[in-house]
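Below: the structure, in structure tokens.
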Number of protein chains: 4
Amino acid sequence: MSNKAVSKKKDLNVGIVGYGFMGRTHSNAYLQAPRFFDVAYRPVLKSAETDWRALVARKDIDLIDIASPNDTHAEIAIAAAKAGKMVLCEKPLGRTAEEAKAMVDAVEKANVPNMVWYNYRRVPAVVLLKKLLDEDRFGRIFHYRSQFLQDWTISQDLPQGGEGLWRLDSAVAGSGVTGDLLAHNIDMALWLNGPITEISAMTETFVKQRKHNLTGKVEPVKIDDASAFLCRFQNGSLALFEATRHARGHKALFTLEINGERASAAWDLHDLHRLNYFDHCDEGQLRGWKSVHITDGDHPYMKNWWVPGLQIGYEHTFIHQIADFLVALDGNRTAAPTFRDGLATDYVTDAVLKSAKTKKWEAVPAA
Amino acid sequence: MSNKAVSKKKDLNVGIVGYGFMGRTHSNAYLQAPRFFDVAYRPVLKSAETDWRALVARKDIDLIDIASPNDTHAEIAIAAAKAGKMVLCEKPLGRTAEEAKAMVDAVEKANVPNMVWYNYRRVPAVVLLKKLLDEDRFGRIFHYRSQFLQDWTISQDLPQGGEGLWRLDSAVAGSGVTGDLLAHNIDMALWLNGPITEISAMTETFVKQRKHNLTGKVEPVKIDDASAFLCRFQNGSLALFEATRHARGHKALFTLEINGERASAAWDLHDLHRLNYFDHCDEGQLRGWKSVHITDGDHPYMKNWWVPGLQIGYEHTFIHQIADFLVALDGNRTAAPTFRDGLATDYVTDAVLKSAKTKKWEAVPAA
Amino acid sequence: MSNKAVSKKKDLNVGIVGYGFMGRTHSNAYLQAPRFFDVAYRPVLKSAETDWRALVARKDIDLIDIASPNDTHAEIAIAAAKAGKMVLCEKPLGRTAEEAKAMVDAVEKANVPNMVWYNYRRVPAVVLLKKLLDEDRFGRIFHYRSQFLQDWTISQDLPQGGEGLWRLDSAVAGSGVTGDLLAHNIDMALWLNGPITEISAMTETFVKQRKHNLTGKVEPVKIDDASAFLCRFQNGSLALFEATRHARGHKALFTLEINGERASAAWDLHDLHRLNYFDHCDEGQLRGWKSVHITDGDHPYMKNWWVPGLQIGYEHTFIHQIADFLVALDGNRTAAPTFRDGLATDYVTDAVLKSAKTKKWEAVPAA
Amino acid sequence: MSNKAVSKKKDLNVGIVGYGFMGRTHSNAYLQAPRFFDVAYRPVLKSAETDWRALVARKDIDLIDIASPNDTHAEIAIAAAKAGKMVLCEKPLGRTAEEAKAMVDAVEKANVPNMVWYNYRRVPAVVLLKKLLDEDRFGRIFHYRSQFLQDWTISQDLPQGGEGLWRLDSAVAGSGVTGDLLAHNIDMALWLNGPITEISAMTETFVKQRKHNLTGKVEPVKIDDASAFLCRFQNGSLALFEATRHARGHKALFTLEINGERASAAWDLHDLHRLNYFDHCDEGQLRGWKSVHITDGDHPYMKNWWVPGLQIGYEHTFIHQIADFLVALDGNRTAAPTFRDGLATDYVTDAVLKSAKTKKWEAVPAA
């Protein structure tokens with residue numbers, strides 16, 4: 001809330017589709033971004049319609065933000081693009097790469113600003129890691145590992161489908177943890193470590209049938225409860241990825257580790273304000289893993305928040321992302337990840353699901 | 001942002017005095033509280049006057065929030081109370097217990113709601129600890145320890161006085177780390193572990209003189225850079241407290257540990273979303289310190305935020321405090337810590353500073 | 001060194017083949033075991049011959065302990081068994097399952113006590129974990145993960161072959177990290193989580209050629225620098241395994257994690273005296289990962305060492321293993337892992353190396 | 001067990017007085033030291049007499065090692081010195097500084113090698129810290145903190161006195177945690193941070209009476225269950241020390257932290273193989289606490305043990321200390337801490353106990 005922050009801003013009229021958990025995080029981001037970041041726009045949340053078509057049809061809406069379940073993404077995004085709206089979309093972009101490809105085509109044809117809410121790219125510790133990689137501090141990369149471990153669906157009594165539980169309904173979600181969780185791991189990995197070339201995967205559905213909330217009947221569960229894959233990156237590094245909702249004791253343990261010739265780094269979402277860093281260039285007897293508390297003014301985004309030592313949390317990643325979007329918008333630049341970046345991730349998740357079925361290594365197409 | 005949260009709320013007109021770091025945290029709290037908590041009031045930030053007298057004189061202000069340097073607290077609070085305003089005040093309440101006593105008298109005479117911003121009482125992990133203590137899970141308490149370690153004033157080139165640096169100017173701040181940092185440790189300790197009866201303290205000023213920003217001259221430094229004390233609590237437990245701005249490597253390491261007959265717990269601000277807990281009632285071979293990630297819906301305040309595993313940060317403590325204040329206000333109840341609670345802490349900090357001078361054990365008066 | 005420990009013991013004459021790192025750990029174990037454990041035998045280290053044939057031929061040797069490079073294991077073990085000696089062998093049992101099978105046949109035909117030095121089974125924290133699993137505290141197992149990360153061969157200037165470096169010479173070692181490191185992960189996993197049924201693996205040799213110490217010439221490197229695989233266990237759980245010598249920042253980071261329906265546990269070699277345990281049966285608001293310091297008298301093996309809080313180290317795992325062997329010997333029982341257990345691990349490592357070549361899922365035969 | 005280690009060594013005949021816990025650690029050290037370190041002497045444990053006078057009288061004993069309860073230290077040490085024996089003594093040297101002074105006088109008059117078993121000085125991580133301090137990497141020291149937390153005497157049913165429990169009997173032990181635990185903290189602090197000049201202390205006996213094992217009667221407990229003090233070092237730094245046997249959840253948590261102008265370090269006994277180090281000279285954005293795994297060949301003592309990543313434990317500190325003693329002996333040098341160093345610690349513990357009674361700051365005499 002610097003003086004700059006209270007300077008005159010242009011209104012950006014936003015229509016959010018979807019009022020679940022994601023709608024809440026987005027709403028908060030729109031309100032907080034101009035209060036903490038020096039952006040030229042002030043997002044104005046216009047009344048959110050239950051009927052997205054009405055929203056897309058409104059003249060006074062500049063930006064459609066899709067925070068509704070996965071099966072609605074493509075249709076809404078394509079309509080919004082056709083209507084000339086900027087389009088932001090929750091991840092994963094599509095339930096399949098095919099859906100995602102149509103969405104990319106629509107926004108690129110309409111030439112409208114677009115972005116996918118892979119919010120974890122905006123964790124300050126992760127942004128710092130990206131910077132260190134870009135500065136070539138790691139040298140040749142040998143290994144990458146990433147997990148997303150949860151435990152909320154272990155109970156067999158948990159139903160599938162309906163509000164709050166659509167993530168267990170394959171018709172709505174597309175897939176289980178592959179699209180819901182692994183997509184985050186993959187997006188971040190592609191950003192940090194470049195393209196993935198080939199994959200060998202396995203998936204599992206531990207709970208084979210659950211009561212469906214919409215039909216009231218016990219029905220087969222078609223989503224994957226767990227998904228893991230080996231892969232190779234274009235840069236020659238080897239990687240393991242794993243996501244599950246059956247890892248007892250973990251709520252949202254999104255981890256990553258990268259090992260290079262000269263340095264290694266690790267991060268996890270349960271303590272998102274820390275970056276663990278090993279620098280082989282350190283003096284031999286004092287080499288070790290450093291836990292960097294990412295709260296200083298010289299850390300990404302942090303000069304806009306509090307003072308050194310005072311941590312931020314989950315919701316800030318969304319604020320950072322929309323702030324970056326608004327800054328890019330003002331400069332006629334693109335804020336990543338774009339829909340095309342989202343498509344790249346969908347190509348990988350498609351390959352994961354395919355490999356799990358074929359039990360073969362599958363190549364990943366370029367986005 | 002539940003439906004309740006968007007229900008009709010009464011306006012509460014707030015005038016904040018002070019636009020520094022603390023002003024920012026308070027402003028944010030007023031805006032966020034009604035968006036995430038079911039409170040009956042919506043704080044409205046009226047234009048913040050540089051002239052606090054004008055603010056106090058305004059008829060349309062319900063609540064004066066004092067976020068200005070310590071030397072202004074008493075005068076403003078007393079005037080605001082006389083004007084019948086609710087009064088919230090940054091910590092420490094007064095520069096001395098004498099100042100604080102006059103402030104308590106004023107708000108109690110005027111019978112206006114009042115509260116001191118010891119925000120760390122509202123860290124969910126700390127609130128959970130309080131609950132566990134209240135349930136008598138610890139049994140007899142033997143030990144309490146608390147630190148507040150920083151390192152930002154080690155450089156001798158850092159000047160004293162003026163904007164952002166008034167904490168080094170004893171005329172403005174009253175004391176150094178004793179009032180600035182130890183006050184937090186003490187407030188929390190009194191809340192969790194009851195009254196302190198006697199104290200033996202030492203203080204130190206490592207940097208003896210600094211350039212003064214207001215006079216431009218090198219002047220003696222009169223604040224304490226470090227302060228530590230031994231004490232005994234009324235419940236028979238022994239304690240050590242320490243605060244310093246010369247602990248290299250620590251930005252805002254506020255720690256506490258409490259050891260009881262049946263359980264122990266520890267917490268620190270650098271990972272504020274975790275509570276460390278040892279339960280002696282656990283099976284022998286599996287006893288150990290548990291790191292509880294305080295992000296579940298059954299943890300204090302957390303059902304109002306995101307989903308399990310997703311952490312909150314520093315600013316949320318202020319949001320929780322004002323939310324509690326608003327709820328209490330609606331129910332004609334008191335939200336702690338009141339000015340009288342703030343006075344209790346000032347009695348302790350006074351005893352610390354006195355003991356450091358007399359080199360004797362000093363008794364602590366009851367507030 | 002209880003009174004029992006100094007009681008009369010029978011001599012057990014031991015001949016160790018190999019004087020490298022492993023020879024040192026074994027020698028120490030033979031000397032320490034009867035001093036700290038109540039065993040009926042006192043191992044006597046007879047002079048260790050460079051000529052193992054002479055050692056096997058000696059009448060006064062009861063037990064041949066093979067601590068020499070992998071390419072010598074089979075020949076020595078088979079000769080020793082034929083000579084009626086007890087045979088202990090460093091891991092991996094054979095360079096291939098074929099070699100290992102011949103060794104199993106030899107010791108079983110000769111009916112001589114035999115054991116493979118998978119020493120990490122005797123880490124007290126791991127033994128406790130095994131006990132918890134046997135008591136069915138975890139319920140159905142969903143996931144298993146295990147890594148062995150090192151970084152000592154990253155430098156391209158490191159030669160291959162010869163003393164201390166035979167692990168890089170495929171003719172001697174058989175394989176790289178698959179047999180050297182993953183074998184540890186697999187042995188422990190088979191013990192804790194049961195048989196593995198099928199595998200999809202990848203391996204990589206990052207440094208393609210190195211100077212060979214024996215020939216003096218730069219030669220292709222034929223061992224794997226890194227090896228990873230997905231697999232399924234017979235109990236329905238999914239697993240990821242990974243070993244590498246190119247993970248900068250890790251010296252000997254052997255990790256494991258197991259996730260069950262009601263509990264999870266994790267352990268790593270860098271802090272081998274700790275077991276991390278999550279118990280879902282804990283009260284909801286206080287669930288968390290507990291770090292159990294495995295140093296109490298009621299922890300496996302620990303009553304024979306010091307007092308609570310005082311940790312043991314790496315070498316103790318060997319002492320525990322030989323103590324168990326001696327106790328079993330006195331009772332005419334078998335101490336695991338036997339050669340047959342070692343063969344089971346070799347079947348898995350063979351499948352790993354095969355899958356990495358075929359790029360297919362490979363089944364694992366039963367041992 | 002290098003070739004050097006098996007080279008010809010001179011016998012050093014050792015008589016140990018005391019067969020409790022400490023006798024076991026010493027015995028092990030004498031046996032292991034010449035097997036892992038290149039020392040000129042091989043300690044030979046002569047039969048340990050229950051009658052220490054007979055032991056001292058034996059001509060074939062070179063060194064008397066006192067591992068018996070505190071009340072026996074002075075008498076035995078003085079007699080041994082008079083008999084011209086080298087004398088090693090468990091800590092604390094005397095029950096009081098007065099006793100210790102007489103012991104110092106005796107060994108200095110007899111001019112016999114002497115050493116006190118403050119074994120924790122030989123933890124590799126602590127030795128590395130000492131080296132870093134000696135290289136002046138920390139700059140001016142501002143703070144020192146040290147704790148020794150245990151929880152084994154909380155139960156009121158625990159008796160006092162007799163075998164294994166003499167530490168609770170003030171006649172035998174001299175004091176409670178002050179001499180038993182704080183003495184370790186103090187010895188290390190004096191070594192790392194120089195002399196302490198003045199002290200303000202408090203002590204407490206939480207359990208006022210316990211059954212006495214020798215008399216069978218419930219008797220007042222005269223030892224201190226907890227002891228804490230503030231102090232100032234000669235180098236201008238401030239410190240807090242605390243020891244207790246009533247800190248639920250801690251078995252032997254000996255911690256230390258030192259904060260200097262340019263660096264800070266921390267260590268604790270529960271993970272004794274790690275040194276935590278913060279270097280302010282690190283690049284700003286990557287400053288953090290590094291956890292150095294002290295297992296590399298370039299770490300103190302570690303090249304004599306295993307390979308990088310493999311940790312050692314508690315008992316090794318004794319092996320290191322006797323190895324250093326033997327090396328010093330061969331070179332006609334002194335191995336610290338000598339009896340005079342032990343006296344310095346006793347001056348501090350005396351001042352602690354005195355200050356706790358007088359409730360005043362007490363000066364510490366120089367040893």
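We name chains A, B, ... following the order of the structure tokens; residues begin at 1 in each chain, and ligands are numbered from 1 as shown.
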
- Hey, what does DSSP flag as strand (DSSP E) within range 12-94 of chain B? Can you give it to me as a list in words?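 These are the residues in question: Leu12, Asn13, Val14, Gly15, Ile16, Val17, Tyr41, Arg42, Pro43, Val44, Leu45, Leu63, Ile64, Asp65, Ile66, Met86, Val87, Leu88 and Cys89 of chain B.
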
Export N, CA, C and O atoms of the chosen residues as a compact mmCIF listing (two decimals), in the first residue's frame?
```txt
# COMPACT_ATOMS: atom_id res chain seq x y z
N LEU B 12 -18.31 0.12 10.77
CA LEU B 12 -17.55 0.57 11.93
C LEU B 12 -16.47 1.50 11.40
O LEU B 12 -15.56 1.06 10.67
N ASN B 13 -16.58 2.77 11.73
CA ASN B 13 -15.67 3.75 11.16
C ASN B 13 -14.37 3.84 11.95
O ASN B 13 -14.38 4.11 13.14
N VAL B 14 -13.28 3.59 11.24
CA VAL B 14 -11.98 3.47 11.88
C VAL B 14 -11.06 4.59 11.41
O VAL B 14 -10.97 4.89 10.22
N GLY B 15 -10.38 5.20 12.37
CA GLY B 15 -9.31 6.14 12.02
C GLY B 15 -7.99 5.60 12.53
O GLY B 15 -7.83 5.36 13.72
N ILE B 16 -7.09 5.37 11.59
CA ILE B 16 -5.78 4.84 11.97
C ILE B 16 -4.79 5.99 12.09
O ILE B 16 -4.69 6.83 11.19
N VAL B 17 -4.07 6.02 13.20
CA VAL B 17 -3.00 7.00 13.35
C VAL B 17 -1.69 6.29 13.07
O VAL B 17 -1.34 5.34 13.77
N TYR B 41 -19.72 -6.49 11.84
CA TYR B 41 -19.30 -5.16 11.44
C TYR B 41 -18.39 -5.19 10.23
O TYR B 41 -17.62 -6.12 10.06
N ARG B 42 -18.49 -4.15 9.44
CA ARG B 42 -17.53 -3.94 8.36
C ARG B 42 -16.72 -2.69 8.71
O ARG B 42 -17.26 -1.58 8.68
N PRO B 43 -15.44 -2.84 9.04
CA PRO B 43 -14.63 -1.67 9.33
C PRO B 43 -14.48 -0.81 8.07
O PRO B 43 -14.19 -1.34 6.99
N VAL B 44 -14.70 0.46 8.22
CA VAL B 44 -14.53 1.39 7.11
C VAL B 44 -13.38 2.31 7.47
O VAL B 44 -13.42 3.01 8.48
N LEU B 45 -12.35 2.28 6.64
CA LEU B 45 -11.18 3.10 6.93
C LEU B 45 -11.43 4.52 6.47
O LEU B 45 -11.42 4.81 5.27
N LEU B 63 -13.76 4.36 16.08
CA LEU B 63 -12.63 3.65 16.68
C LEU B 63 -11.33 4.31 16.25
O LEU B 63 -11.11 4.54 15.06
N ILE B 64 -10.49 4.60 17.22
CA ILE B 64 -9.15 5.13 16.92
C ILE B 64 -8.16 3.99 17.10
O ILE B 64 -8.12 3.34 18.14
N ASP B 65 -7.36 3.77 16.06
CA ASP B 65 -6.36 2.71 16.10
C ASP B 65 -4.98 3.36 16.05
O ASP B 65 -4.62 4.01 15.07
N ILE B 66 -4.22 3.19 17.12
CA ILE B 66 -2.94 3.88 17.26
C ILE B 66 -1.80 3.00 16.75
O ILE B 66 -1.41 2.02 17.40
N MET B 86 -13.75 3.96 20.80
CA MET B 86 -13.04 2.71 21.07
C MET B 86 -11.58 2.98 20.76
O MET B 86 -11.27 3.74 19.84
N VAL B 87 -10.68 2.30 21.49
CA VAL B 87 -9.25 2.54 21.26
C VAL B 87 -8.49 1.23 21.11
O VAL B 87 -8.52 0.38 22.00
N LEU B 88 -7.82 1.11 19.99
CA LEU B 88 -6.90 0.00 19.79
C LEU B 88 -5.51 0.60 19.73
O LEU B 88 -5.33 1.71 19.21
N CYS B 89 -4.53 -0.11 20.28
CA CYS B 89 -3.20 0.47 20.36
C CYS B 89 -2.13 -0.57 20.06
O CYS B 89 -2.20 -1.70 20.54
```

Task: All helix (DSSP H, G or I) residues (DSSP, backbone) inside range 100-161 of chain A, as an MDAnalysis selection string - done: chainID A and resid 100:110 119:122 124:134

#### Entry: Interface residues on chain C facing chain D, 10 Å, only C-alpha atoms, written as a PyMOL selection string
chain C and resi 1-2+19+21-25+27-28+31-32+35-36+150+152+250-254+269-274+293+295-296+305-316

Include N, CA and C atoms and write out the residues we just selected as a short mmCIF file (atom, residue, chain, number, x, y, z; two decimals), in the first residue's frame.
```cif
data_model
loop_
_atom_site.label_atom_id
_atom_site.label_comp_id
_atom_site.auth_asym_id
_atom_site.auth_seq_id
_atom_site.Cartn_x
_atom_site.Cartn_y
_atom_site.Cartn_z
N MET C 1 28.87 -54.58 28.19
CA MET C 1 29.84 -55.35 28.95
C MET C 1 29.29 -55.75 30.30
N SER C 2 28.10 -56.37 30.25
CA SER C 2 27.48 -56.89 31.45
C SER C 2 28.28 -58.08 31.95
N TYR C 19 40.28 -56.67 2.64
CA TYR C 19 40.69 -55.74 3.68
C TYR C 19 40.34 -54.30 3.39
N PHE C 21 37.23 -51.25 2.89
CA PHE C 21 36.30 -50.61 3.79
C PHE C 21 35.42 -51.63 4.51
N MET C 22 34.92 -52.60 3.72
CA MET C 22 34.00 -53.56 4.32
C MET C 22 34.71 -54.49 5.30
N GLY C 23 35.94 -54.84 4.97
CA GLY C 23 36.70 -55.65 5.91
C GLY C 23 36.83 -54.97 7.27
N ARG C 24 37.02 -53.68 7.25
CA ARG C 24 37.16 -52.94 8.51
C ARG C 24 35.87 -52.96 9.33
N THR C 25 34.75 -52.77 8.65
CA THR C 25 33.49 -52.76 9.41
C THR C 25 33.20 -54.14 9.99
N SER C 27 35.47 -56.53 10.78
CA SER C 27 36.42 -56.80 11.87
C SER C 27 35.93 -56.16 13.16
N ASN C 28 35.55 -54.91 13.04
CA ASN C 28 35.07 -54.21 14.22
C ASN C 28 33.86 -54.91 14.83
N LEU C 31 34.73 -57.96 16.90
CA LEU C 31 35.34 -57.64 18.19
C LEU C 31 34.33 -57.05 19.17
N GLN C 32 33.45 -56.21 18.68
CA GLN C 32 32.53 -55.51 19.57
C GLN C 32 31.32 -56.35 19.99
N ARG C 35 31.31 -58.05 23.29
CA ARG C 35 31.54 -57.13 24.41
C ARG C 35 30.24 -56.41 24.80
N PHE C 36 29.29 -56.32 23.90
CA PHE C 36 28.06 -55.59 24.20
C PHE C 36 26.80 -56.45 24.17
N GLN C 150 23.85 -40.47 -3.66
CA GLN C 150 25.24 -40.10 -3.40
C GLN C 150 25.71 -39.11 -4.45
N TRP C 152 29.45 -38.92 -5.21
CA TRP C 152 30.92 -39.02 -5.26
C TRP C 152 31.52 -39.33 -6.61
N HIS C 250 24.26 -35.02 -1.52
CA HIS C 250 23.91 -36.18 -0.69
C HIS C 250 25.08 -37.15 -0.65
N LYS C 251 25.44 -37.55 0.54
CA LYS C 251 26.59 -38.44 0.68
C LYS C 251 26.15 -39.90 0.69
N ALA C 252 25.18 -40.22 1.50
CA ALA C 252 24.70 -41.60 1.60
C ALA C 252 23.26 -41.53 2.07
N LEU C 253 22.47 -40.79 1.31
CA LEU C 253 21.09 -40.56 1.74
C LEU C 253 20.18 -41.72 1.33
N PHE C 254 20.20 -42.73 2.16
CA PHE C 254 19.32 -43.89 1.99
C PHE C 254 18.03 -43.53 2.73
N LEU C 269 19.17 -42.61 6.39
CA LEU C 269 20.47 -43.00 6.95
C LEU C 269 21.28 -41.82 7.47
N HIS C 270 21.01 -40.63 6.98
CA HIS C 270 21.79 -39.48 7.45
C HIS C 270 21.47 -39.12 8.90
N ASP C 271 20.35 -39.57 9.38
CA ASP C 271 19.99 -39.41 10.80
C ASP C 271 19.40 -40.73 11.25
N LEU C 272 20.20 -41.75 11.19
CA LEU C 272 19.70 -43.12 11.29
C LEU C 272 19.08 -43.44 12.64
N HIS C 273 19.31 -42.59 13.62
CA HIS C 273 18.80 -42.82 14.98
C HIS C 273 17.42 -42.20 15.18
N ARG C 274 16.77 -41.84 14.12
CA ARG C 274 15.43 -41.27 14.22
C ARG C 274 14.45 -42.04 13.34
N HIS C 293 13.33 -40.38 18.67
CA HIS C 293 14.78 -40.50 18.86
C HIS C 293 15.02 -41.90 19.42
N THR C 295 16.74 -44.11 21.01
CA THR C 295 17.88 -44.29 21.92
C THR C 295 17.44 -44.76 23.29
N ASP C 296 16.20 -45.18 23.41
CA ASP C 296 15.72 -45.62 24.72
C ASP C 296 15.94 -47.11 24.93
N TRP C 305 23.46 -50.59 24.66
CA TRP C 305 24.39 -49.49 24.43
C TRP C 305 24.38 -48.51 25.60
N TRP C 306 24.07 -47.25 25.40
CA TRP C 306 24.32 -46.24 26.41
C TRP C 306 23.06 -45.89 27.19
N VAL C 307 22.75 -44.64 27.33
CA VAL C 307 21.52 -44.27 28.04
C VAL C 307 20.65 -43.42 27.12
N PRO C 308 19.39 -43.24 27.46
CA PRO C 308 18.49 -42.51 26.55
C PRO C 308 19.06 -41.16 26.10
N GLY C 309 18.91 -40.89 24.83
CA GLY C 309 19.36 -39.62 24.28
C GLY C 309 20.71 -39.71 23.59
N LEU C 310 21.42 -40.81 23.83
CA LEU C 310 22.78 -40.92 23.28
C LEU C 310 22.78 -41.83 22.06
N GLN C 311 23.11 -41.26 20.93
CA GLN C 311 22.93 -41.96 19.67
C GLN C 311 24.08 -42.90 19.32
N ILE C 312 23.74 -43.90 18.55
CA ILE C 312 24.77 -44.77 17.98
C ILE C 312 24.95 -44.40 16.51
N GLY C 313 25.86 -45.11 15.81
CA GLY C 313 26.16 -44.74 14.43
C GLY C 313 26.11 -45.92 13.48
N TYR C 314 26.77 -45.73 12.38
CA TYR C 314 26.77 -46.68 11.27
C TYR C 314 27.29 -48.06 11.65
N GLU C 315 28.43 -48.09 12.31
CA GLU C 315 29.12 -49.36 12.54
C GLU C 315 28.30 -50.31 13.39
N HIS C 316 27.38 -49.75 14.19
CA HIS C 316 26.60 -50.58 15.10
C HIS C 316 25.68 -51.55 14.35
#
```

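The residue set within 9 Å of range 178-181 of chain A, counting only C-alpha atoms and dropping same-chain residues fewer than 5 places from it, reads Lys91, Pro92, Gly94, Arg95, Thr96, Gln147, Phe148, Leu149, Arg167, Ala173, Ile186, Thr203, Ile223, Asp224, Asp225, Ala226, Ser227, Ala228, Glu242, Ala243, Thr244, Phe254, Asp346, Thr349, Asp350, Val352 and Leu353 of chain A.
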
Could the residues in this selection be saved with N, CA and C atoms as a short mmCIF file (atom, residue, chain, number, x, y, z; two decimals), in the first residue's frame?
```cif
data_model
loop_
_atom_site.label_atom_id
_atom_site.label_comp_id
_atom_site.auth_asym_id
_atom_site.auth_seq_id
_atom_site.Cartn_x
_atom_site.Cartn_y
_atom_site.Cartn_z
N LYS A 91 -6.31 -24.55 -13.59
CA LYS A 91 -5.65 -25.72 -14.15
C LYS A 91 -6.42 -26.97 -13.77
N PRO A 92 -6.30 -28.09 -14.48
CA PRO A 92 -5.58 -28.19 -15.76
C PRO A 92 -6.38 -27.49 -16.85
N GLY A 94 -7.28 -28.30 -20.03
CA GLY A 94 -8.37 -29.15 -20.49
C GLY A 94 -8.36 -30.47 -19.76
N ARG A 95 -9.44 -31.23 -19.94
CA ARG A 95 -9.41 -32.58 -19.36
C ARG A 95 -8.46 -33.46 -20.16
N THR A 96 -8.26 -33.08 -21.43
CA THR A 96 -7.32 -33.78 -22.31
C THR A 96 -6.57 -32.72 -23.10
N GLN A 147 6.87 -34.63 -6.09
CA GLN A 147 5.74 -35.38 -5.54
C GLN A 147 4.60 -34.43 -5.20
N PHE A 148 3.40 -34.97 -5.18
CA PHE A 148 2.26 -34.25 -4.59
C PHE A 148 1.47 -35.28 -3.80
N LEU A 149 1.62 -35.23 -2.50
CA LEU A 149 1.05 -36.27 -1.65
C LEU A 149 -0.08 -35.72 -0.78
N ARG A 167 -13.93 -33.68 -8.03
CA ARG A 167 -12.58 -34.16 -8.39
C ARG A 167 -12.49 -35.68 -8.41
N ALA A 173 -13.86 -34.36 -13.88
CA ALA A 173 -12.46 -34.01 -13.64
C ALA A 173 -11.54 -34.42 -14.78
N ILE A 186 4.15 -31.05 -12.99
CA ILE A 186 4.65 -31.02 -14.37
C ILE A 186 4.84 -29.59 -14.86
N THR A 203 -0.62 -46.09 -12.84
CA THR A 203 -1.67 -45.44 -12.04
C THR A 203 -2.42 -46.52 -11.27
N ILE A 223 -11.48 -42.49 -11.71
CA ILE A 223 -10.28 -41.64 -11.63
C ILE A 223 -9.14 -42.43 -11.00
N ASP A 224 -7.93 -41.92 -11.18
CA ASP A 224 -6.75 -42.52 -10.58
C ASP A 224 -6.52 -41.90 -9.20
N ASP A 225 -6.38 -42.78 -8.19
CA ASP A 225 -6.06 -42.32 -6.83
C ASP A 225 -4.57 -42.01 -6.69
N ALA A 226 -3.79 -42.68 -7.51
CA ALA A 226 -2.33 -42.50 -7.45
C ALA A 226 -1.78 -42.59 -8.85
N SER A 227 -0.72 -41.87 -9.10
CA SER A 227 -0.12 -41.83 -10.43
C SER A 227 1.36 -41.52 -10.27
N ALA A 228 2.19 -42.30 -10.94
CA ALA A 228 3.64 -42.08 -10.83
C ALA A 228 4.28 -42.34 -12.17
N GLU A 242 5.43 -38.30 -8.77
CA GLU A 242 4.42 -39.12 -8.11
C GLU A 242 3.37 -38.22 -7.47
N ALA A 243 2.13 -38.61 -7.63
CA ALA A 243 1.05 -37.92 -6.92
C ALA A 243 0.08 -38.97 -6.42
N THR A 244 -0.50 -38.68 -5.29
CA THR A 244 -1.44 -39.63 -4.71
C THR A 244 -2.33 -38.91 -3.70
N PHE A 254 3.51 -30.97 -1.76
CA PHE A 254 4.06 -30.78 -3.10
C PHE A 254 5.56 -30.54 -2.89
N ASP A 346 -0.68 -30.59 -20.44
CA ASP A 346 -1.71 -31.58 -20.78
C ASP A 346 -1.15 -32.67 -21.70
N THR A 349 0.42 -35.01 -19.18
CA THR A 349 -0.54 -35.82 -18.41
C THR A 349 -1.24 -36.83 -19.33
N ASP A 350 -1.49 -36.45 -20.56
CA ASP A 350 -2.05 -37.43 -21.50
C ASP A 350 -1.10 -38.62 -21.68
N VAL A 352 1.10 -39.66 -19.60
CA VAL A 352 1.11 -40.42 -18.34
C VAL A 352 -0.05 -41.42 -18.34
N LEU A 353 -1.23 -40.93 -18.64
CA LEU A 353 -2.40 -41.80 -18.60
C LEU A 353 -2.32 -42.88 -19.68
#
```
